[in-house]
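S.K.: Pasting run22.cif below, which is mmCIF, C-alpha atoms and all ligand atoms.
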```
data_structure
#
loop_
_atom_site.label_atom_id
_atom_site.label_comp_id
_atom_site.auth_asym_id
_atom_site.auth_seq_id
_atom_site.Cartn_x
_atom_site.Cartn_y
_atom_site.Cartn_z
CA MET A 791 28.84 -28.58 -29.45
CA LYS A 792 25.86 -26.52 -30.45
CA LEU A 793 23.90 -28.01 -27.54
CA ILE A 794 26.58 -27.10 -25.00
CA PHE A 795 26.61 -23.57 -26.33
CA LEU A 796 22.85 -23.35 -25.95
CA LEU A 797 22.98 -24.74 -22.43
CA LEU A 798 25.65 -22.23 -21.47
CA LEU A 799 23.59 -19.47 -22.95
CA ALA A 800 20.55 -20.61 -20.97
CA ALA A 801 22.56 -20.75 -17.74
CA TRP A 802 23.96 -17.30 -18.39
CA GLY A 803 20.43 -16.08 -19.08
CA VAL A 804 19.32 -17.25 -15.65
CA CYS A 805 22.20 -15.47 -13.91
CA ALA A 806 21.76 -12.36 -16.02
CA GLU A 807 18.21 -11.99 -14.80
CA ASP A 808 19.74 -10.28 -11.82
CA VAL A 809 17.34 -10.91 -8.98
CA ALA A 810 18.14 -8.76 -5.97
CA LYS A 811 19.20 -10.83 -2.97
CA PHE A 812 18.98 -9.72 0.63
CA ASP A 813 21.24 -12.27 2.34
CA GLY A 814 22.33 -10.98 5.71
CA TYR A 815 20.31 -7.79 5.40
CA LYS A 816 18.81 -6.86 8.75
CA VAL A 817 15.97 -4.62 9.78
CA PHE A 818 16.78 -2.52 12.84
CA ARG A 819 14.22 -0.75 14.94
CA MET A 820 14.98 2.58 16.56
CA SER A 821 12.85 4.53 19.00
CA PRO A 822 14.13 8.10 18.80
CA LYS A 823 13.26 10.14 21.87
CA THR A 824 14.85 13.53 21.20
CA GLN A 825 14.77 16.00 18.34
CA GLU A 826 18.47 15.38 17.72
CA GLN A 827 17.89 11.67 17.35
CA ASN A 828 15.00 12.31 14.98
CA ASP A 829 17.11 14.71 12.95
CA LEU A 830 19.92 12.18 12.69
CA LEU A 831 17.51 9.59 11.30
CA LEU A 832 15.97 12.13 8.94
CA ASN A 833 19.44 12.89 7.66
CA LEU A 834 20.22 9.21 7.17
CA ALA A 835 16.92 8.76 5.34
CA THR A 836 18.41 10.69 2.43
CA SER A 837 21.03 7.97 1.94
CA ASP A 838 20.37 5.56 -0.88
CA ASP A 839 22.19 2.79 0.97
CA LEU A 840 19.65 2.55 3.76
CA ASP A 841 16.09 1.46 3.14
CA PHE A 842 13.71 3.09 5.61
CA TRP A 843 10.77 0.73 5.97
CA THR A 844 8.85 3.29 8.01
CA GLU A 845 8.93 7.04 7.89
CA VAL A 846 10.84 8.97 10.50
CA ASN A 847 7.99 10.44 12.50
CA ASN A 848 7.29 12.77 15.35
CA ALA A 849 4.58 10.66 16.87
CA GLY A 850 6.70 8.26 18.90
CA ILE A 851 6.21 5.47 16.38
CA PRO A 852 9.41 3.43 16.04
CA VAL A 853 11.47 3.66 12.88
CA ASP A 854 12.55 0.52 10.98
CA VAL A 855 15.55 0.55 8.70
CA MET A 856 16.91 -2.22 6.48
CA VAL A 857 20.71 -2.23 6.45
CA LYS A 858 23.01 -4.27 4.21
CA PRO A 859 25.63 -6.45 5.88
CA GLU A 860 28.65 -4.26 5.11
CA ASP A 861 26.99 -1.18 6.67
CA GLN A 862 25.63 -2.81 9.80
CA LYS A 863 28.61 -2.17 12.04
CA ALA A 864 28.89 1.53 11.20
CA PHE A 865 25.14 1.93 11.43
CA THR A 866 24.88 0.30 14.84
CA ASN A 867 27.82 2.35 16.13
CA ALA A 868 26.27 5.60 14.90
CA MET A 869 23.00 4.74 16.60
CA LEU A 870 24.65 3.79 19.89
CA LYS A 871 26.80 6.93 19.82
CA ASN A 872 23.63 9.00 19.59
CA GLY A 873 21.91 7.25 22.46
CA MET A 874 19.66 5.04 20.34
CA ASN A 875 19.58 1.35 20.93
CA PRO A 876 18.98 -0.36 17.60
CA GLU A 877 16.98 -3.52 18.09
CA ILE A 878 17.30 -6.24 15.48
CA TYR A 879 13.77 -6.79 14.22
CA ILE A 880 14.46 -8.97 11.19
CA GLU A 881 17.61 -11.11 11.35
CA ASP A 882 17.86 -12.00 7.68
CA VAL A 883 15.54 -10.43 5.13
CA GLN A 884 16.37 -12.97 2.40
CA SER A 885 15.32 -15.97 4.47
CA LEU A 886 12.01 -14.25 5.28
CA ILE A 887 11.46 -13.56 1.58
CA GLU A 888 12.05 -17.22 0.85
CA THR A 889 9.44 -18.39 3.36
CA GLN A 890 6.83 -16.29 1.59
CA THR A 891 4.75 -18.48 -0.66
CA VAL A 892 3.55 -17.26 -3.99
CA GLY A 893 0.53 -19.07 -5.34
CA ARG A 894 -0.37 -19.82 -8.92
CA TYR A 895 -3.94 -18.97 -9.70
CA ALA A 896 -5.43 -22.15 -11.10
CA GLY A 897 -8.45 -20.57 -12.74
CA GLU A 898 -12.06 -21.32 -11.85
CA ARG A 899 -11.87 -18.32 -9.52
CA ALA A 900 -9.87 -20.47 -7.09
CA MET A 901 -7.97 -17.71 -5.37
CA THR A 902 -7.24 -18.84 -1.83
CA TRP A 903 -5.74 -15.89 0.10
CA THR A 904 -3.30 -18.33 1.64
CA ASN A 905 -0.75 -17.12 -0.90
CA TYR A 906 0.24 -13.94 -2.63
CA TYR A 907 -0.44 -13.73 -6.37
CA SER A 908 1.35 -12.20 -9.31
CA LEU A 909 -0.15 -9.38 -11.35
CA THR A 910 -0.96 -11.76 -14.22
CA ASP A 911 -2.82 -14.08 -11.86
CA ILE A 912 -4.73 -11.22 -10.23
CA TYR A 913 -5.76 -9.92 -13.66
CA LYS A 914 -6.86 -13.41 -14.73
CA TRP A 915 -8.93 -13.66 -11.58
CA LEU A 916 -10.53 -10.26 -12.22
CA ALA A 917 -11.48 -11.38 -15.74
CA ASP A 918 -12.90 -14.69 -14.49
CA THR A 919 -14.82 -12.90 -11.75
CA ALA A 920 -16.35 -10.52 -14.27
CA ALA A 921 -17.24 -13.37 -16.63
CA ALA A 922 -18.95 -15.24 -13.79
CA ASN A 923 -21.05 -12.21 -12.82
CA PRO A 924 -22.35 -10.76 -16.08
CA GLY A 925 -24.26 -7.52 -15.75
CA VAL A 926 -22.88 -6.94 -12.25
CA VAL A 927 -19.10 -7.03 -12.53
CA SER A 928 -17.04 -5.58 -15.34
CA VAL A 929 -13.30 -5.19 -15.74
CA VAL A 930 -12.38 -1.51 -15.92
CA VAL A 931 -9.11 0.14 -16.88
CA GLY A 932 -8.21 2.85 -14.38
CA GLY A 933 -5.06 3.89 -16.16
CA THR A 934 -1.79 2.82 -17.72
CA THR A 935 1.86 2.50 -16.74
CA SER A 936 5.19 3.68 -18.10
CA GLN A 937 5.89 0.14 -19.29
CA GLY A 938 2.56 -0.10 -21.09
CA ARG A 939 0.59 -2.17 -18.60
CA GLN A 940 -2.99 -1.43 -17.65
CA ILE A 941 -4.19 -0.53 -14.17
CA ARG A 942 -7.07 -2.96 -14.12
CA GLY A 943 -9.88 -3.10 -11.62
CA VAL A 944 -13.49 -4.11 -11.43
CA LYS A 945 -16.66 -2.12 -11.27
CA ILE A 946 -19.36 -3.85 -9.25
CA ALA A 947 -22.88 -2.51 -9.49
CA LYS A 948 -26.10 -4.42 -9.01
CA SER A 949 -28.06 -1.48 -10.36
CA SER A 950 -27.18 1.85 -11.89
CA GLY A 951 -27.24 5.27 -10.26
CA LYS A 952 -25.79 4.28 -6.92
CA ARG A 953 -23.23 6.36 -5.04
CA VAL A 954 -19.63 5.32 -5.59
CA VAL A 955 -16.89 3.83 -3.41
CA VAL A 956 -13.35 3.65 -4.81
CA VAL A 957 -10.80 1.23 -3.36
CA GLU A 958 -7.12 1.75 -4.22
CA GLY A 959 -4.58 -1.01 -3.59
CA GLY A 960 -0.92 -1.59 -4.22
CA ILE A 961 0.23 1.92 -5.00
CA HIS A 962 3.45 0.89 -3.24
CA ALA A 963 4.77 -2.22 -4.95
CA ARG A 964 6.26 -4.12 -2.01
CA GLU A 965 3.20 -3.84 0.21
CA TRP A 966 1.84 -7.19 -0.97
CA ILE A 967 -0.89 -7.42 1.65
CA SER A 968 -2.64 -4.47 -0.01
CA PRO A 969 -3.63 -6.15 -3.32
CA ALA A 970 -4.52 -9.27 -1.31
CA THR A 971 -6.91 -7.17 0.79
CA VAL A 972 -8.56 -5.60 -2.25
CA THR A 973 -9.16 -8.92 -4.01
CA TRP A 974 -10.68 -10.22 -0.76
CA ILE A 975 -13.03 -7.22 -0.58
CA ILE A 976 -14.08 -7.85 -4.18
CA ASN A 977 -14.84 -11.46 -3.35
CA GLU A 978 -16.75 -10.54 -0.19
CA ILE A 979 -18.87 -7.98 -2.05
CA LEU A 980 -19.87 -10.77 -4.42
CA THR A 981 -20.23 -13.71 -2.04
CA SER A 982 -20.64 -12.61 1.59
CA THR A 983 -23.77 -13.78 3.35
CA ASP A 984 -23.22 -11.63 6.43
CA PRO A 985 -26.31 -9.34 6.50
CA ALA A 986 -24.33 -6.38 7.88
CA PHE A 987 -21.76 -6.57 5.12
CA ARG A 988 -24.37 -7.35 2.45
CA LYS A 989 -26.08 -4.09 3.31
CA VAL A 990 -22.85 -2.16 2.79
CA ALA A 991 -21.91 -4.11 -0.34
CA ASP A 992 -25.26 -3.63 -2.04
CA SER A 993 -25.55 0.08 -1.25
CA PHE A 994 -22.84 1.26 -3.64
CA GLU A 995 -21.29 1.10 -7.03
CA TRP A 996 -17.77 -0.13 -6.29
CA HIS A 997 -14.60 0.56 -8.25
CA LEU A 998 -11.78 -1.57 -6.88
CA PHE A 999 -8.16 -1.64 -8.07
CA PRO A 1000 -5.90 -4.25 -6.46
CA SER A 1001 -2.70 -2.86 -8.03
CA THR A 1002 -2.43 0.80 -8.96
CA ASN A 1003 1.33 0.41 -9.56
CA PRO A 1004 1.42 -2.70 -11.78
CA ASP A 1005 4.97 -2.16 -13.13
CA GLY A 1006 6.29 -1.94 -9.61
CA TYR A 1007 4.27 -4.91 -8.38
CA GLU A 1008 5.47 -7.07 -11.27
CA PHE A 1009 9.05 -5.98 -10.52
CA THR A 1010 8.72 -7.19 -6.90
CA PHE A 1011 7.96 -10.67 -8.25
CA THR A 1012 10.63 -10.80 -10.93
CA SER A 1013 13.54 -8.73 -9.69
CA ASN A 1014 13.43 -6.98 -6.35
CA ARG A 1015 11.00 -7.89 -3.58
CA MET A 1016 11.63 -4.58 -1.81
CA TRP A 1017 10.73 -2.24 -4.70
CA ARG A 1018 8.34 0.59 -3.77
CA LYS A 1019 8.10 3.09 -6.62
CA THR A 1020 7.04 3.17 -10.26
CA ARG A 1021 9.51 2.04 -12.97
CA THR A 1022 9.92 5.29 -14.89
CA GLN A 1023 13.52 6.00 -15.88
CA TYR A 1024 15.01 9.19 -14.38
CA GLY A 1025 18.62 9.39 -15.51
CA SER A 1026 20.49 6.63 -13.75
CA CYS A 1027 17.70 6.17 -11.21
CA ILE A 1028 14.38 4.49 -11.61
CA GLY A 1029 10.92 5.34 -10.37
CA ALA A 1030 9.03 8.02 -8.53
CA ASP A 1031 7.01 7.44 -5.36
CA PRO A 1032 3.45 7.26 -6.68
CA ASN A 1033 2.16 8.37 -3.30
CA ARG A 1034 4.15 11.61 -3.43
CA ASN A 1035 3.29 12.44 -7.04
CA TRP A 1036 -0.31 13.69 -6.79
CA ASN A 1037 -1.10 17.32 -7.30
CA ALA A 1038 -1.81 18.08 -3.65
CA HIS A 1039 0.84 20.25 -2.02
CA TRP A 1040 3.23 18.36 -4.26
CA MET A 1041 6.91 18.32 -3.21
CA GLU A 1042 6.25 20.32 -0.07
CA GLN A 1043 6.92 17.89 2.76
CA GLY A 1044 8.07 14.39 3.57
CA THR A 1045 9.21 13.86 0.00
CA SER A 1046 12.45 14.06 -1.93
CA ASN A 1047 13.52 15.77 -5.15
CA GLN A 1048 16.30 13.19 -5.60
CA PRO A 1049 15.41 10.59 -8.25
CA CYS A 1050 17.21 7.80 -6.41
CA SER A 1051 15.20 8.35 -3.24
CA ASP A 1052 12.36 6.01 -2.34
CA THR A 1053 10.17 9.05 -1.69
CA TYR A 1054 11.09 10.87 -4.91
CA GLY A 1055 8.05 12.96 -5.80
CA GLY A 1056 8.87 12.96 -9.51
CA PRO A 1057 9.92 15.93 -11.71
CA ARG A 1058 6.45 17.48 -11.42
CA ALA A 1059 3.03 16.65 -10.03
CA PHE A 1060 1.43 13.81 -12.00
CA SER A 1061 4.65 13.15 -13.90
CA GLU A 1062 3.87 9.45 -13.50
CA ILE A 1063 1.47 8.12 -16.07
CA GLU A 1064 0.10 5.86 -13.33
CA THR A 1065 -1.04 8.73 -11.09
CA SER A 1066 -2.07 11.04 -13.93
CA SER A 1067 -4.18 8.42 -15.70
CA PHE A 1068 -5.65 6.99 -12.51
CA SER A 1069 -6.51 10.46 -11.21
CA SER A 1070 -8.33 11.14 -14.51
CA TYR A 1071 -10.34 7.99 -13.94
CA ILE A 1072 -11.23 9.11 -10.41
CA ARG A 1073 -12.23 12.50 -11.75
CA THR A 1074 -14.86 10.85 -13.95
CA LEU A 1075 -16.48 9.62 -10.70
CA GLY A 1076 -15.86 12.92 -8.91
CA SER A 1077 -18.76 14.05 -6.79
CA ARG A 1078 -20.50 10.67 -7.14
CA MET A 1079 -18.01 9.32 -4.61
CA ASP A 1080 -19.05 8.81 -1.00
CA ALA A 1081 -15.82 7.10 -0.03
CA TYR A 1082 -12.23 6.62 -1.17
CA ILE A 1083 -10.26 3.93 0.61
CA SER A 1084 -6.53 3.37 0.09
CA PHE A 1085 -4.58 0.37 1.38
CA HIS A 1086 -0.90 0.41 2.31
CA SER A 1087 1.24 -1.49 4.76
CA TYR A 1088 2.57 -1.59 7.37
CA SER A 1089 2.12 -0.07 10.87
CA GLN A 1090 -1.56 -0.63 11.69
CA LEU A 1091 -2.76 2.91 11.25
CA LEU A 1092 -5.90 4.51 9.95
CA LEU A 1093 -4.84 7.76 8.32
CA LEU A 1094 -6.98 10.73 7.38
CA PRO A 1095 -6.12 13.64 5.10
CA TYR A 1096 -4.05 15.74 5.12
CA GLY A 1097 -0.33 15.15 5.02
CA HIS A 1098 0.81 18.75 4.53
CA THR A 1099 -0.57 20.00 7.83
CA SER A 1100 -1.72 18.51 11.10
CA ALA A 1101 -4.55 21.07 11.21
CA PRO A 1102 -7.93 19.33 11.61
CA LEU A 1103 -9.32 20.35 8.23
CA ASP A 1104 -12.62 19.52 6.53
CA ASN A 1105 -14.61 16.90 8.45
CA TYR A 1106 -11.66 15.77 10.58
CA THR A 1107 -13.66 15.64 13.84
CA GLN A 1108 -16.44 13.56 12.34
CA MET A 1109 -13.95 11.29 10.59
CA MET A 1110 -12.07 10.73 13.83
CA GLN A 1111 -15.30 9.48 15.37
CA ILE A 1112 -16.08 7.31 12.35
CA GLY A 1113 -12.53 6.00 12.28
CA ARG A 1114 -12.57 5.15 15.96
CA ALA A 1115 -15.76 3.17 15.46
CA ALA A 1116 -14.09 1.35 12.58
CA LEU A 1117 -11.05 0.52 14.69
CA THR A 1118 -13.12 -0.70 17.63
CA ALA A 1119 -14.80 -3.12 15.23
CA LEU A 1120 -11.47 -4.07 13.71
CA ALA A 1121 -10.03 -5.01 17.10
CA ARG A 1122 -12.98 -7.17 18.11
CA ARG A 1123 -12.10 -10.33 16.15
CA TYR A 1124 -8.37 -10.81 16.85
CA GLY A 1125 -7.52 -7.94 19.20
CA THR A 1126 -5.49 -6.17 16.50
CA SER A 1127 -4.88 -2.60 17.53
CA TYR A 1128 -4.62 0.32 15.08
CA GLN A 1129 -3.88 3.98 15.77
CA ILE A 1130 -5.74 6.84 14.09
CA GLY A 1131 -4.99 10.42 13.08
CA ASN A 1132 -4.40 12.61 10.10
CA ILE A 1133 -1.24 11.77 8.18
CA ALA A 1134 0.75 14.68 9.53
CA GLU A 1135 -0.09 13.99 13.18
CA ALA A 1136 -0.09 10.19 13.08
CA ILE A 1137 3.18 9.79 11.19
CA TYR A 1138 4.97 12.75 9.70
CA PRO A 1139 4.09 15.55 7.29
CA ALA A 1140 4.11 14.00 3.82
CA SER A 1141 2.38 15.68 0.91
CA GLY A 1142 1.43 14.64 -2.61
CA GLY A 1143 -0.45 11.50 -1.60
CA SER A 1144 -3.57 10.13 -3.26
CA ILE A 1145 -5.99 10.59 -0.36
CA ASP A 1146 -5.05 14.24 0.01
CA TRP A 1147 -5.74 14.86 -3.67
CA VAL A 1148 -9.13 13.13 -3.54
CA LYS A 1149 -10.18 15.09 -0.46
CA GLN A 1150 -8.88 18.37 -1.85
CA GLU A 1151 -10.55 17.95 -5.23
CA PHE A 1152 -13.91 16.45 -4.37
CA LYS A 1153 -14.38 16.88 -0.60
CA THR A 1154 -15.45 13.24 -0.58
CA PRO A 1155 -16.84 12.68 2.94
CA ILE A 1156 -15.06 9.41 3.77
CA VAL A 1157 -11.42 9.39 2.66
CA VAL A 1158 -9.04 7.10 4.51
CA CYS A 1159 -5.77 5.26 4.15
CA TYR A 1160 -5.18 2.02 6.02
CA GLU A 1161 -1.66 1.00 6.89
CA LEU A 1162 -2.36 -2.71 7.27
CA ARG A 1163 -0.65 -5.39 9.40
CA ASP A 1164 1.74 -5.75 11.04
CA THR A 1165 3.61 -3.43 13.40
CA GLY A 1166 7.03 -4.51 12.13
CA ARG A 1167 7.74 -8.07 13.21
CA TYR A 1168 7.53 -9.00 9.52
CA GLY A 1169 6.82 -5.58 8.01
CA PHE A 1170 6.32 -5.78 4.25
CA LEU A 1171 6.99 -9.53 4.42
CA LEU A 1172 3.74 -10.37 6.18
CA PRO A 1173 3.42 -14.18 6.38
CA THR A 1174 0.71 -15.66 4.22
CA ASN A 1175 -1.12 -17.12 7.22
CA GLN A 1176 -1.96 -13.56 8.25
CA ILE A 1177 -3.62 -12.61 4.96
CA ILE A 1178 -7.07 -13.95 5.87
CA PRO A 1179 -7.12 -12.65 9.47
CA ASN A 1180 -6.00 -9.25 8.19
CA ASN A 1181 -8.72 -9.27 5.55
CA GLN A 1182 -11.46 -10.37 7.93
CA GLU A 1183 -10.76 -7.61 10.43
CA ILE A 1184 -10.67 -5.06 7.60
CA ILE A 1185 -14.15 -6.13 6.51
CA ASP A 1186 -15.30 -5.77 10.14
CA SER A 1187 -13.90 -2.26 10.23
CA LEU A 1188 -15.44 -1.26 6.88
CA ILE A 1189 -18.90 -2.28 8.05
CA ALA A 1190 -18.55 -0.11 11.16
CA MET A 1191 -17.09 2.76 9.13
CA PHE A 1192 -20.10 2.88 6.82
CA VAL A 1193 -22.63 2.37 9.62
CA GLU A 1194 -21.07 5.21 11.61
CA GLY A 1195 -20.77 7.29 8.43
CA GLU A 1196 -24.49 6.96 7.90
CA LYS A 1197 -25.08 8.68 11.26
CA PHE A 1198 -23.39 11.76 9.81
CA GLY A 1199 -25.37 11.56 6.60
CA TYR A 1200 -22.25 10.69 4.59
CA VAL A 1201 -23.74 7.53 3.13
CA THR A 1202 -27.13 5.91 2.83
CA LEU A 1203 -27.28 2.18 3.43
CA GLY A 1204 -29.95 -0.25 2.44
O1 LIG B 1301 4.39 7.17 3.07
C1 LIG B 1301 3.36 6.75 2.56
O2 LIG B 1301 3.01 6.99 1.42
C2 LIG B 1301 2.48 5.83 3.39
N1 LIG B 1301 3.27 5.02 4.24
S1 LIG B 1301 4.07 3.76 3.58
O3 LIG B 1301 4.87 3.16 4.61
N2 LIG B 1301 3.02 2.68 3.13
O4 LIG B 1301 4.81 4.22 2.46
C3 LIG B 1301 1.54 6.70 4.18
C4 LIG B 1301 0.42 7.12 3.36
C5 LIG B 1301 -0.18 8.36 3.88
N3 LIG B 1301 -0.22 9.35 2.89
C6 LIG B 1301 0.76 10.28 2.74
N4 LIG B 1301 1.90 10.19 3.40
N5 LIG B 1301 0.52 11.26 1.90
ZN ZN B 1302 2.68 2.47 1.18
#
```
Render the structure in this file as structure tokens.
Ligand code: 0X9
Ligand code: ZN

M.R.:
Amino acid sequence: MKLIFLLLLAAWGVCAEDVAKFDGYKVFRMSPKTQEQNDLLLNLATSDDLDFWTEVNNAGIPVDVMVKPEDQKAFTNAMLKNGMNPEIYIEDVQSLIETQTVGRYAGERAMTWTNYYSLTDIYKWLADTAAANPGVVSVVVGGTTSQGRQIRGVKIAKSSGKRVVVVEGGIHAREWISPATVTWIINEILTSTDPAFRKVADSFEWHLFPSTNPDGYEFTFTSNRMWRKTRTQYGSCIGADPNRNWNAHWMEQGTSNQPCSDTYGGPRAFSEIETSSFSSYIRTLGSRMDAYISFHSYSQLLLLPYGHTSAPLDNYTQMMQIGRAALTALARRYGTSYQIGNIAEAIYPASGGSIDWVKQEFKTPIVVCYELRDTGRYGFLLPTNQIIPNNQEIIDSLIAMFVEGEKFGYVTLG
């Protein structure tokens, strides 16, 4: 009797875990051509029932929206009525989620990049990597989270006194390719034998953080694969968008003051302990930084500051040239094509993001944000067999970015 009770309890426990399912959810792609069509989408973007996978933009980039089964008919009708032809891009989100393999890190630094890894596994790998490279690699804590986790990264420095490069990954939880790119870069810095990359790797003191939103990332593994924000409680809603929460034209554009929104900027700038603590860490590096590189997905874009205005501020012109060189190199290996521009011109005005804050505070010469693969066929659910190709082409682009940057005196290599 007691046993049956325990079994029932266990079964109930499994159900009560409440993992979000996306059976029958579709992702539709729209290509708005007129201002009215754009405005309609912008209006819909305020609805909590629709999940906009890409921002509504004024750059002619298509807009992808995930719609639950019961809303699909009304949604399609509304689109058709307004002259937009919604294309089904992902038939069934749940089945795509289920094809995505999650690896278990087996220790011995055996991360394979043919799988995605949980936060715990990534942190174990960081610790093992540091232990295997004493005096060169150390685990650093870049901040903390509302649920008490640490934002862990590694500092890699073969000697002291070098200029600094900061690499930020995973600020948006569901963009799993981002942490996988950052761990790859860490590994390449330590093991690459390519002379061109070695020169870049050995020229700096690196601070690399695979997951700057650990609560959110963990939540995408345990409860909801499509989670984007932090996990701070705001009334009946949870989380602020950690890339709208920085003190850089906070809450001005492309952000929401509604706690349920996926682009909720938070009650005030740096309300999130993640962004406030991580920004304090960055401030300790301050003017020692030559470069700050942030990884998001998806859309294949290389974005420059700023998001509050499309004006070509600071070293925009030079960075466009450097960025173009990076993207030419990126395309060479697999033909992958990225677009470039400042945030406001390449996508849509959106303020309060990390790269804007870094540029505003420190005028760091090279400040970029990559929106990694793909262009929407799989979106956030990038198949694991694309992790390595994605990572390789990113390394190609980073080499070119630093080589071109040296021509402007932004970095010194060698
Ligand atoms: O909206 C974002 O934060 C990024 N796009 S995403 O689809 N990954 O969410 C763009 C980052 C550019 N920075 C700003 N918009 N501030
Ligand atoms: Zn993102």

S.K.: Show which residues sit within 7 Å of region 897-902 of chain A, as a compact mmCIF listing (two decimals) with C-alpha atoms, keeping the file's coordinate frame. Count only C-alpha atoms, and ignore same-chain residues fewer than 6 positions away.

M.R.:
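around.txt written:
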```txt
# COMPACT_ATOMS: atom_id res chain seq x y z
CA TRP A 915 -8.93 -13.66 -11.58
CA ASP A 918 -12.90 -14.69 -14.49
CA THR A 919 -14.82 -12.90 -11.75
```

S.K.: Within 7 Å of ligand LIG 1301 (chain B), counting all atoms listed in the file: which residues, as an MDAnalysis selection string?

M.R.: chainID A and resid 843:845 962 1033:1034 1086:1088 1093 1097 1133 1139:1146 1159 1161

S.K.: Tell me which residues come within 12 Å of (12.4, 13.2, 12.9), as a VMD selection string, counting all atoms listed in the file in the file's coordinates.

M.R.: chain A and resid 820 to 835 844 to 853 1044 1137 to 1139

S.K.: So which one's closest to Gly1029 (chain A), A:Ser1100, A:Gln937, A:Thr1165, A:Thr981? Using all atoms listed in the file, please.

M.R.: A:Gln937

S.K.: Under the rule that only C-alpha atoms are counted, which of A:Val1201, A:Val990, A:Ala1119, A:Val1157 is the nearest residue to Glu978 (chain A)?

M.R.: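 Looking at the shortest contact to Glu978 (chain A), the residue is A:Val990.
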
S.K.: For the atom pair CA of Gly938 (chain A) and CA of Tyr906 (chain A), what is the interatomic distance in Å to one decimal place?

M.R.: 23.2 Å

S.K.: Taking (-2.5, 8.0, 13.2) in the coordinates of the supplied file, I want to know which residues reach to within 6 Å of it, counting all atoms listed in the file; could you give the answer as a list of chain:residue names?

M.R.: A:Leu1091, A:Leu1092, A:Leu1093, A:Gln1129, A:Ile1130, A:Gly1131, A:Asn1132, A:Ala1136

S.K.: Suppose you want the space between CA of Asp813 (chain A) and CA of Thr889 (chain A); what is it in Å?

M.R.: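 CA of Thr889 (chain A) lies at a distance of 13.3 Å from CA of Asp813 (chain A).
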
S.K.: Using only C-alpha atoms, which residues sit within 12 Å of Phe994 (chain A) once same-chain residues fewer than 3 positions away are excluded, as a PyMOL selection string?

M.R.: chain A and resi 926+945-956+979+987-991+997-998+1078-1081+1192+1201-1204

S.K.: Using only C-alpha atoms, can you tell me which of A:Asn977, A:Asn1035, A:Ser885, A:Asn923 comes closest to Ser1069 (chain A)?

M.R.: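 Distance minimum relative to Ser1069 (chain A) lands on A:Asn1035.
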
S.K.: One decimal, Å: what's the distance from CA of Trp1036 (chain A) over to CA of Ala1059 (chain A), could you say?

M.R.: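 Separation of CA of Trp1036 (chain A) and CA of Ala1059 (chain A): 5.5 Å.
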
S.K.: Give the answer as one residue: which of A:Ser1026, A:Ser968, A:Ser982, A:Asn1014 has the shortest atom-to-atom distance to ligand ZN 1302 (chain B), using all atoms listed in the file?

M.R.: A:Ser968

S.K.: When you look at region 1169-1182 of chain A with a cut-off of 8 Å (counting all atoms listed in the file), what residues show up, excluding the ones that are within fewer than 6 positions of it in the same chain? I need them as a ChimeraX atom specification.

M.R.: /A:843,886-887,889-891,903-906,964-967,970-971,974-975,1087-1089,1124,1162-1163
